[in-house]
>>> print(open('model.cif').read())   # mmCIF, N, CA and C atoms
data_structure
#
loop_
_atom_site.label_atom_id
_atom_site.label_comp_id
_atom_site.auth_asym_id
_atom_site.auth_seq_id
_atom_site.Cartn_x
_atom_site.Cartn_y
_atom_site.Cartn_z
N MET W 1 123.95 20.23 -113.62
CA MET W 1 125.32 20.57 -113.37
C MET W 1 125.45 21.33 -112.05
N ARG W 2 124.67 20.97 -111.10
CA ARG W 2 124.70 21.63 -109.80
C ARG W 2 125.97 21.29 -109.04
N TYR W 3 126.51 22.28 -108.35
CA TYR W 3 127.63 22.09 -107.42
C TYR W 3 128.85 21.45 -108.09
N CYS W 4 129.13 21.80 -109.32
CA CYS W 4 130.25 21.20 -110.05
C CYS W 4 131.50 22.09 -110.09
N ARG W 5 131.38 23.32 -109.62
CA ARG W 5 132.51 24.26 -109.61
C ARG W 5 133.07 24.47 -111.03
N VAL W 6 132.17 24.59 -111.98
CA VAL W 6 132.54 24.73 -113.39
C VAL W 6 133.34 26.02 -113.63
N GLY W 7 132.93 27.10 -113.01
CA GLY W 7 133.59 28.38 -113.21
C GLY W 7 133.26 29.00 -114.56
N ASP W 8 133.69 30.24 -114.73
CA ASP W 8 133.37 30.99 -115.95
C ASP W 8 134.00 30.36 -117.19
N ALA W 9 135.27 29.99 -117.11
CA ALA W 9 135.96 29.41 -118.27
C ALA W 9 135.34 28.07 -118.65
N GLY W 10 134.99 27.27 -117.66
CA GLY W 10 134.37 25.98 -117.95
C GLY W 10 133.00 26.15 -118.59
N LEU W 11 132.23 27.11 -118.10
CA LEU W 11 130.91 27.35 -118.69
C LEU W 11 131.04 27.87 -120.11
N ALA W 12 132.02 28.72 -120.36
CA ALA W 12 132.24 29.22 -121.72
C ALA W 12 132.57 28.07 -122.67
N ALA W 13 133.39 27.14 -122.22
CA ALA W 13 133.74 25.99 -123.05
C ALA W 13 132.52 25.11 -123.31
N LEU W 14 131.72 24.88 -122.29
CA LEU W 14 130.51 24.07 -122.46
C LEU W 14 129.53 24.74 -123.41
N ALA W 15 129.30 26.03 -123.21
CA ALA W 15 128.34 26.76 -124.04
C ALA W 15 128.76 26.77 -125.51
N ALA W 16 130.05 26.75 -125.76
CA ALA W 16 130.56 26.78 -127.13
C ALA W 16 130.57 25.40 -127.79
N SER W 17 130.37 24.36 -127.01
CA SER W 17 130.43 23.01 -127.58
C SER W 17 129.13 22.66 -128.31
N GLU W 18 129.26 21.88 -129.36
CA GLU W 18 128.09 21.48 -130.16
C GLU W 18 127.09 20.69 -129.34
N GLY W 19 127.55 19.92 -128.39
CA GLY W 19 126.67 19.10 -127.57
C GLY W 19 125.73 19.90 -126.68
N PHE W 20 126.05 21.16 -126.45
CA PHE W 20 125.21 22.00 -125.61
C PHE W 20 124.28 22.90 -126.42
N ALA W 21 124.39 22.88 -127.72
CA ALA W 21 123.66 23.82 -128.57
C ALA W 21 122.14 23.80 -128.34
N GLY W 22 121.56 22.66 -128.09
CA GLY W 22 120.11 22.57 -127.95
C GLY W 22 119.59 22.59 -126.53
N VAL W 23 120.44 22.91 -125.57
CA VAL W 23 120.03 22.90 -124.16
C VAL W 23 118.90 23.90 -123.93
N ARG W 24 117.86 23.43 -123.25
CA ARG W 24 116.72 24.29 -122.93
C ARG W 24 116.62 24.57 -121.44
N ARG W 25 117.11 23.67 -120.62
CA ARG W 25 117.07 23.82 -119.17
C ARG W 25 118.47 23.62 -118.61
N LEU W 26 118.91 24.56 -117.79
CA LEU W 26 120.26 24.49 -117.27
C LEU W 26 120.26 24.90 -115.80
N HIS W 27 120.75 24.02 -114.97
CA HIS W 27 120.82 24.25 -113.53
C HIS W 27 122.29 24.35 -113.13
N LEU W 28 122.67 25.54 -112.70
CA LEU W 28 124.08 25.83 -112.42
C LEU W 28 124.32 26.34 -111.00
N GLN W 29 123.58 25.84 -110.04
CA GLN W 29 123.78 26.29 -108.67
C GLN W 29 125.21 26.04 -108.22
N ARG W 30 125.73 27.00 -107.47
CA ARG W 30 127.08 26.92 -106.85
C ARG W 30 128.16 26.43 -107.81
N ASN W 31 128.34 27.18 -108.87
CA ASN W 31 129.36 26.84 -109.85
C ASN W 31 130.42 27.91 -110.00
N LEU W 32 130.53 28.78 -109.02
CA LEU W 32 131.56 29.83 -109.01
C LEU W 32 131.48 30.71 -110.25
N LEU W 33 130.27 31.05 -110.65
CA LEU W 33 130.07 31.87 -111.84
C LEU W 33 129.98 33.35 -111.50
N SER W 34 130.40 34.17 -112.44
CA SER W 34 130.29 35.62 -112.32
C SER W 34 129.60 36.14 -113.57
N ALA W 35 129.61 37.44 -113.76
CA ALA W 35 129.01 38.04 -114.94
C ALA W 35 129.65 37.50 -116.21
N GLU W 36 130.93 37.21 -116.17
CA GLU W 36 131.63 36.66 -117.34
C GLU W 36 131.01 35.32 -117.76
N GLY W 37 130.70 34.48 -116.81
CA GLY W 37 130.07 33.21 -117.12
C GLY W 37 128.67 33.38 -117.68
N VAL W 38 127.93 34.33 -117.13
CA VAL W 38 126.58 34.59 -117.63
C VAL W 38 126.65 35.03 -119.09
N SER W 39 127.65 35.82 -119.44
CA SER W 39 127.81 36.26 -120.83
C SER W 39 128.01 35.08 -121.77
N ALA W 40 128.68 34.05 -121.30
CA ALA W 40 128.90 32.86 -122.12
C ALA W 40 127.60 32.16 -122.48
N LEU W 41 126.58 32.34 -121.66
CA LEU W 41 125.30 31.70 -121.91
C LEU W 41 124.60 32.24 -123.15
N HIS W 42 125.05 33.36 -123.68
CA HIS W 42 124.42 33.96 -124.86
C HIS W 42 124.42 33.00 -126.04
N LEU W 43 125.33 32.04 -126.03
CA LEU W 43 125.40 31.06 -127.12
C LEU W 43 124.25 30.05 -127.06
N LEU W 44 123.62 29.95 -125.91
CA LEU W 44 122.53 28.98 -125.72
C LEU W 44 121.20 29.68 -125.94
N THR W 45 120.84 29.88 -127.17
CA THR W 45 119.69 30.72 -127.53
C THR W 45 118.34 30.11 -127.18
N GLY W 46 118.28 28.81 -126.93
CA GLY W 46 117.01 28.15 -126.67
C GLY W 46 116.65 27.96 -125.21
N LEU W 47 117.41 28.56 -124.30
CA LEU W 47 117.13 28.36 -122.87
C LEU W 47 115.74 28.88 -122.50
N VAL W 48 115.01 28.08 -121.75
CA VAL W 48 113.72 28.49 -121.20
C VAL W 48 113.72 28.40 -119.67
N GLU W 49 114.69 27.68 -119.13
CA GLU W 49 114.80 27.55 -117.68
C GLU W 49 116.27 27.67 -117.28
N LEU W 50 116.53 28.55 -116.32
CA LEU W 50 117.91 28.80 -115.91
C LEU W 50 117.97 28.97 -114.40
N ASP W 51 118.83 28.21 -113.78
CA ASP W 51 119.02 28.28 -112.34
C ASP W 51 120.46 28.71 -112.06
N LEU W 52 120.61 29.91 -111.56
CA LEU W 52 121.93 30.46 -111.24
C LEU W 52 122.09 30.74 -109.74
N ARG W 53 121.29 30.11 -108.92
CA ARG W 53 121.37 30.37 -107.49
C ARG W 53 122.76 30.05 -106.93
N TYR W 54 123.12 30.81 -105.92
CA TYR W 54 124.41 30.65 -105.21
C TYR W 54 125.61 30.95 -106.10
N ASN W 55 125.44 31.82 -107.06
CA ASN W 55 126.54 32.35 -107.87
C ASN W 55 126.45 33.87 -107.76
N ALA W 56 127.49 34.50 -107.31
CA ALA W 56 127.48 35.95 -107.09
C ALA W 56 127.68 36.67 -108.43
N ILE W 57 126.59 36.76 -109.21
CA ILE W 57 126.70 37.38 -110.53
C ILE W 57 126.58 38.90 -110.47
N GLY W 58 125.95 39.43 -109.43
CA GLY W 58 125.84 40.87 -109.26
C GLY W 58 125.03 41.54 -110.35
N ALA W 59 125.02 42.86 -110.30
CA ALA W 59 124.28 43.64 -111.29
C ALA W 59 124.86 43.47 -112.68
N GLU W 60 126.16 43.33 -112.78
CA GLU W 60 126.80 43.13 -114.08
C GLU W 60 126.33 41.82 -114.71
N GLY W 61 126.16 40.80 -113.91
CA GLY W 61 125.64 39.53 -114.40
C GLY W 61 124.20 39.64 -114.85
N VAL W 62 123.42 40.44 -114.13
CA VAL W 62 122.03 40.66 -114.54
C VAL W 62 122.00 41.38 -115.89
N GLU W 63 122.87 42.36 -116.08
CA GLU W 63 122.94 43.04 -117.37
C GLU W 63 123.24 42.04 -118.48
N ALA W 64 124.19 41.15 -118.24
CA ALA W 64 124.53 40.13 -119.24
C ALA W 64 123.34 39.20 -119.48
N LEU W 65 122.66 38.83 -118.43
CA LEU W 65 121.50 37.94 -118.55
C LEU W 65 120.39 38.61 -119.36
N LEU W 66 120.12 39.87 -119.08
CA LEU W 66 119.05 40.57 -119.79
C LEU W 66 119.39 40.83 -121.25
N ALA W 67 120.68 40.83 -121.58
CA ALA W 67 121.11 41.03 -122.97
C ALA W 67 121.12 39.71 -123.75
N ALA W 68 120.91 38.61 -123.08
CA ALA W 68 120.95 37.30 -123.74
C ALA W 68 119.77 37.14 -124.69
N PRO W 69 119.98 36.43 -125.79
CA PRO W 69 118.89 36.25 -126.76
C PRO W 69 117.70 35.46 -126.21
N PHE W 70 117.90 34.70 -125.16
CA PHE W 70 116.82 33.89 -124.59
C PHE W 70 116.06 34.59 -123.47
N ALA W 71 116.48 35.76 -123.07
CA ALA W 71 115.88 36.43 -121.89
C ALA W 71 114.37 36.55 -121.99
N GLY W 72 113.86 36.93 -123.13
CA GLY W 72 112.42 37.10 -123.29
C GLY W 72 111.65 35.79 -123.34
N SER W 73 112.35 34.69 -123.52
CA SER W 73 111.70 33.38 -123.61
C SER W 73 111.79 32.58 -122.31
N LEU W 74 112.44 33.14 -121.31
CA LEU W 74 112.58 32.40 -120.06
C LEU W 74 111.24 32.16 -119.40
N GLU W 75 110.99 30.93 -119.06
CA GLU W 75 109.79 30.57 -118.32
C GLU W 75 110.09 30.48 -116.83
N ARG W 76 111.34 30.18 -116.53
CA ARG W 76 111.74 30.01 -115.13
C ARG W 76 113.16 30.53 -114.96
N LEU W 77 113.34 31.40 -113.99
CA LEU W 77 114.65 31.95 -113.67
C LEU W 77 114.81 31.88 -112.16
N LEU W 78 115.78 31.11 -111.72
CA LEU W 78 116.00 30.93 -110.30
C LEU W 78 117.28 31.65 -109.88
N LEU W 79 117.10 32.65 -109.05
CA LEU W 79 118.18 33.47 -108.49
C LEU W 79 117.72 33.97 -107.13
N TYR W 80 118.65 34.32 -106.30
CA TYR W 80 118.34 34.95 -105.03
C TYR W 80 118.81 36.39 -105.05
N ARG W 81 118.19 37.21 -104.24
CA ARG W 81 118.58 38.61 -104.13
C ARG W 81 120.07 38.73 -103.79
N ASP W 82 120.56 37.87 -102.93
CA ASP W 82 121.98 37.89 -102.57
C ASP W 82 122.88 37.61 -103.78
N ASP W 83 122.37 36.91 -104.76
CA ASP W 83 123.15 36.59 -105.97
C ASP W 83 123.33 37.81 -106.86
N VAL W 84 122.34 38.70 -106.84
CA VAL W 84 122.33 39.82 -107.79
C VAL W 84 122.47 41.19 -107.14
N GLY W 85 122.24 41.28 -105.83
CA GLY W 85 122.31 42.57 -105.14
C GLY W 85 121.06 43.41 -105.39
N GLU W 86 121.00 44.53 -104.71
CA GLU W 86 119.84 45.42 -104.82
C GLU W 86 119.68 45.96 -106.24
N ALA W 87 120.78 46.42 -106.83
CA ALA W 87 120.71 46.98 -108.18
C ALA W 87 120.28 45.92 -109.19
N GLY W 88 120.79 44.71 -109.06
CA GLY W 88 120.41 43.64 -109.97
C GLY W 88 118.94 43.26 -109.83
N ALA W 89 118.46 43.22 -108.60
CA ALA W 89 117.05 42.91 -108.36
C ALA W 89 116.14 43.96 -109.00
N LYS W 90 116.54 45.22 -108.89
CA LYS W 90 115.75 46.30 -109.50
C LYS W 90 115.75 46.17 -111.02
N MET W 91 116.89 45.83 -111.59
CA MET W 91 116.96 45.65 -113.05
C MET W 91 116.02 44.53 -113.50
N LEU W 92 116.00 43.42 -112.75
CA LEU W 92 115.11 42.31 -113.11
C LEU W 92 113.65 42.71 -112.97
N ALA W 93 113.33 43.46 -111.95
CA ALA W 93 111.94 43.90 -111.74
C ALA W 93 111.46 44.85 -112.83
N ASP W 94 112.40 45.61 -113.41
CA ASP W 94 112.04 46.64 -114.39
C ASP W 94 112.32 46.24 -115.84
N ALA W 95 112.82 45.03 -116.07
CA ALA W 95 113.21 44.62 -117.42
C ALA W 95 111.97 44.40 -118.29
N PRO W 96 111.75 45.26 -119.28
CA PRO W 96 110.52 45.16 -120.08
C PRO W 96 110.42 43.90 -120.94
N HIS W 97 111.54 43.30 -121.29
CA HIS W 97 111.49 42.13 -122.17
C HIS W 97 111.46 40.80 -121.42
N LEU W 98 111.56 40.84 -120.09
CA LEU W 98 111.36 39.61 -119.32
C LEU W 98 109.86 39.30 -119.27
N PRO W 99 109.50 38.05 -119.26
CA PRO W 99 108.08 37.71 -119.13
C PRO W 99 107.48 38.34 -117.86
N PRO W 100 106.22 38.75 -117.91
CA PRO W 100 105.59 39.43 -116.78
C PRO W 100 105.68 38.69 -115.45
N ALA W 101 105.56 37.38 -115.46
CA ALA W 101 105.61 36.62 -114.21
C ALA W 101 106.97 36.75 -113.54
N LEU W 102 108.03 36.78 -114.32
CA LEU W 102 109.37 36.93 -113.76
C LEU W 102 109.59 38.33 -113.21
N ARG W 103 109.14 39.33 -113.94
CA ARG W 103 109.24 40.72 -113.45
C ARG W 103 108.46 40.87 -112.16
N SER W 104 107.28 40.32 -112.13
CA SER W 104 106.43 40.43 -110.95
C SER W 104 107.10 39.81 -109.73
N TYR W 105 107.73 38.67 -109.91
CA TYR W 105 108.44 38.03 -108.81
C TYR W 105 109.49 38.98 -108.23
N TRP W 106 110.28 39.60 -109.11
CA TRP W 106 111.37 40.46 -108.64
C TRP W 106 110.86 41.76 -108.04
N ARG W 107 109.65 42.17 -108.38
CA ARG W 107 109.06 43.36 -107.75
C ARG W 107 108.67 43.07 -106.30
N ASN W 108 108.51 41.80 -105.98
CA ASN W 108 108.06 41.41 -104.63
C ASN W 108 109.15 40.78 -103.79
N VAL W 109 110.36 40.73 -104.29
CA VAL W 109 111.46 40.10 -103.53
C VAL W 109 112.06 41.10 -102.58
#
>>> encode(input="model.cif", output="structure tokens")
Amino acid sequence: MRYCRVGDAGLAALAASEGFAGVRRLHLQRNLLSAEGVSALHLLTGLVELDLRYNAIGAEGVEALLAAPFAGSLERLLLYRDDVGEAGAKMLADAPHLPPALRSYWRNV
């Protein structure tokens, strides 16, 4: 779903639909998402790969991401420092329930 301009409301609708219930990998680059959209992802409990690059989710979005039920199961998380800001990057680097490889990446960004 790259570059689709889904937006927060669109992502909330998709995440709530039965057809999305089993999604494990989701690529959402440049979809005009914010922290509100990230919160909608909480319904997708089986995510193991998430790409949120080019969405200005900020530190609030990182908080929502870290509170998601799938956060500890993520094998791959694609974001840029510009997407999350300094505070968001620090939260990702220090998040104890993120897998070690993901924390390590954010400690070196």
>>> residues_around(input="model.cif", residues="Ala21 (chain W)", least_positions_apart="2", cutoff="9 Å", atoms="only C-alpha atoms", output="PDB file with N, CA and C atoms, in the frame of the given file")
ATOM      1  N   ALA W  15     129.300  26.030-123.210  1.00  0.00           N
ATOM      2  CA  ALA W  15     128.340  26.760-124.040  1.00  0.00           C
ATOM      3  C   ALA W  15     128.760  26.770-125.510  1.00  0.00           C
ATOM      4  N   ALA W  16     130.050  26.750-125.760  1.00  0.00           N
ATOM      5  CA  ALA W  16     130.560  26.780-127.130  1.00  0.00           C
ATOM      6  C   ALA W  16     130.570  25.400-127.790  1.00  0.00           C
ATOM      7  N   SER W  17     130.370  24.360-127.010  1.00  0.00           N
ATOM      8  CA  SER W  17     130.430  23.010-127.580  1.00  0.00           C
ATOM      9  C   SER W  17     129.130  22.660-128.310  1.00  0.00           C
ATOM     10  N   GLU W  18     129.260  21.880-129.360  1.00  0.00           N
ATOM     11  CA  GLU W  18     128.090  21.480-130.160  1.00  0.00           C
ATOM     12  C   GLU W  18     127.090  20.690-129.340  1.00  0.00           C
ATOM     13  N   GLY W  19     127.550  19.920-128.390  1.00  0.00           N
ATOM     14  CA  GLY W  19     126.670  19.100-127.570  1.00  0.00           C
ATOM     15  C   GLY W  19     125.730  19.900-126.680  1.00  0.00           C
ATOM     16  N   VAL W  23     120.440  22.910-125.570  1.00  0.00           N
ATOM     17  CA  VAL W  23     120.030  22.900-124.160  1.00  0.00           C
ATOM     18  C   VAL W  23     118.900  23.900-123.930  1.00  0.00           C
ATOM     19  N   ARG W  24     117.860  23.430-123.250  1.00  0.00           N
ATOM     20  CA  ARG W  24     116.720  24.290-122.930  1.00  0.00           C
ATOM     21  C   ARG W  24     116.620  24.570-121.440  1.00  0.00           C
ATOM     22  N   LEU W  43     125.330  32.040-126.030  1.00  0.00           N
ATOM     23  CA  LEU W  43     125.400  31.060-127.120  1.00  0.00           C
ATOM     24  C   LEU W  43     124.250  30.050-127.060  1.00  0.00           C
ATOM     25  N   LEU W  44     123.620  29.950-125.910  1.00  0.00           N
ATOM     26  CA  LEU W  44     122.530  28.980-125.720  1.00  0.00           C
ATOM     27  C   LEU W  44     121.200  29.680-125.940  1.00  0.00           C
ATOM     28  N   THR W  45     120.840  29.880-127.170  1.00  0.00           N
ATOM     29  CA  THR W  45     119.690  30.720-127.530  1.00  0.00           C
ATOM     30  C   THR W  45     118.340  30.110-127.180  1.00  0.00           C
ATOM     31  N   GLY W  46     118.280  28.810-126.930  1.00  0.00           N
ATOM     32  CA  GLY W  46     117.010  28.150-126.670  1.00  0.00           C
ATOM     33  C   GLY W  46     116.650  27.960-125.210  1.00  0.00           C
TER      34      GLY W  46
END
>>> resolve_selection(input="model.cif", expression="the PyMOL selection byres ((chain W and resi 67-82) around 5)", output="number ranges by chain")
W: 42, 45, 48-53, 63-66, 83-85, 97-98
>>> closest_residue(input="model.cif", among="W:Gly37, W:Arg107, W:Pro100, W:Gln29", to="Gly10 (chain W)", atoms="only N, CA and C atoms")
W:Gly37
>>> select_by_dssp(input="model.cif", residues="region 24-96 of chain W", states="alpha helix (DSSP H)", output="list in words")
Ala35, Glu36, Gly37, Val38, Ser39, Ala40, Gly58, Ala59, Glu60, Gly61, Val62, Glu63, Ala64, Leu65, Leu66, Arg81, Asp82, Asp83, Val84, Gly85, Glu86, Ala87, Gly88, Ala89, Lys90, Met91, Leu92, Ala93 and Asp94 of chain W
>>> atom_distance(input="model.cif", atom1="atom N of Leu26 (chain W)", atom2="CA of Ala89 (chain W)")
20.7 Å
>>> residues_around(input="model.cif", residues="Ala35 (chain W)", least_positions_apart="5", cutoff="7 Å", atoms="only C-alpha atoms", output="count of residues only")
4
>>> closest_residue(input="model.cif", among="W:His27, W:Met91, W:Val38, W:Phe20", to="Asp8 (chain W)", atoms="only N, CA and C atoms")
W:Val38
>>> closest_residue(input="model.cif", among="W:Ser34, W:Tyr54, W:Leu41, W:Ala101", to="Arg2 (chain W)", atoms="only C-alpha atoms")
W:Tyr54
>>> atom_distance(input="model.cif", atom1="CA of Gly58 (chain W)", atom2="CA of Gly88 (chain W)")
6.1 Å
>>> atom_distance(input="model.cif", atom1="CA of Asp94 (chain W)", atom2="CA of Trp106 (chain W)")
8.5 Å
>>> resolve_selection(input="model.cif", expression="the PyMOL selection byres ((chain W and resi 31) around 5)", output="short mmCIF file (atom, residue, chain, number, x, y, z; two decimals) with N, CA and C atoms, in the coordinates of the input")
data_model
loop_
_atom_site.label_atom_id
_atom_site.label_comp_id
_atom_site.auth_asym_id
_atom_site.auth_seq_id
_atom_site.Cartn_x
_atom_site.Cartn_y
_atom_site.Cartn_z
N ARG W 5 131.38 23.32 -109.62
CA ARG W 5 132.51 24.26 -109.61
C ARG W 5 133.07 24.47 -111.03
N VAL W 6 132.17 24.59 -111.98
CA VAL W 6 132.54 24.73 -113.39
C VAL W 6 133.34 26.02 -113.63
N GLY W 7 132.93 27.10 -113.01
CA GLY W 7 133.59 28.38 -113.21
C GLY W 7 133.26 29.00 -114.56
N LEU W 28 122.67 25.54 -112.70
CA LEU W 28 124.08 25.83 -112.42
C LEU W 28 124.32 26.34 -111.00
N GLN W 29 123.58 25.84 -110.04
CA GLN W 29 123.78 26.29 -108.67
C GLN W 29 125.21 26.04 -108.22
N ARG W 30 125.73 27.00 -107.47
CA ARG W 30 127.08 26.92 -106.85
C ARG W 30 128.16 26.43 -107.81
N LEU W 32 130.53 28.78 -109.02
CA LEU W 32 131.56 29.83 -109.01
C LEU W 32 131.48 30.71 -110.25
N LEU W 33 130.27 31.05 -110.65
CA LEU W 33 130.07 31.87 -111.84
C LEU W 33 129.98 33.35 -111.50
#
>>> select_by_dssp(input="model.cif", residues="chain W", states="strand (DSSP E or B)", output="PyMOL selection string")
chain W and resi 25-27+49-51+76-78
>>> axis_aligned_box(input="model.cif", around="region 56-65 of chain W", padding_each_side="8 Å", output="JSON")
{"center_x": 124.0, "center_y": 39.1, "center_z": -113.3, "size_x": 23.3, "size_y": 25.1, "size_z": 28.4}
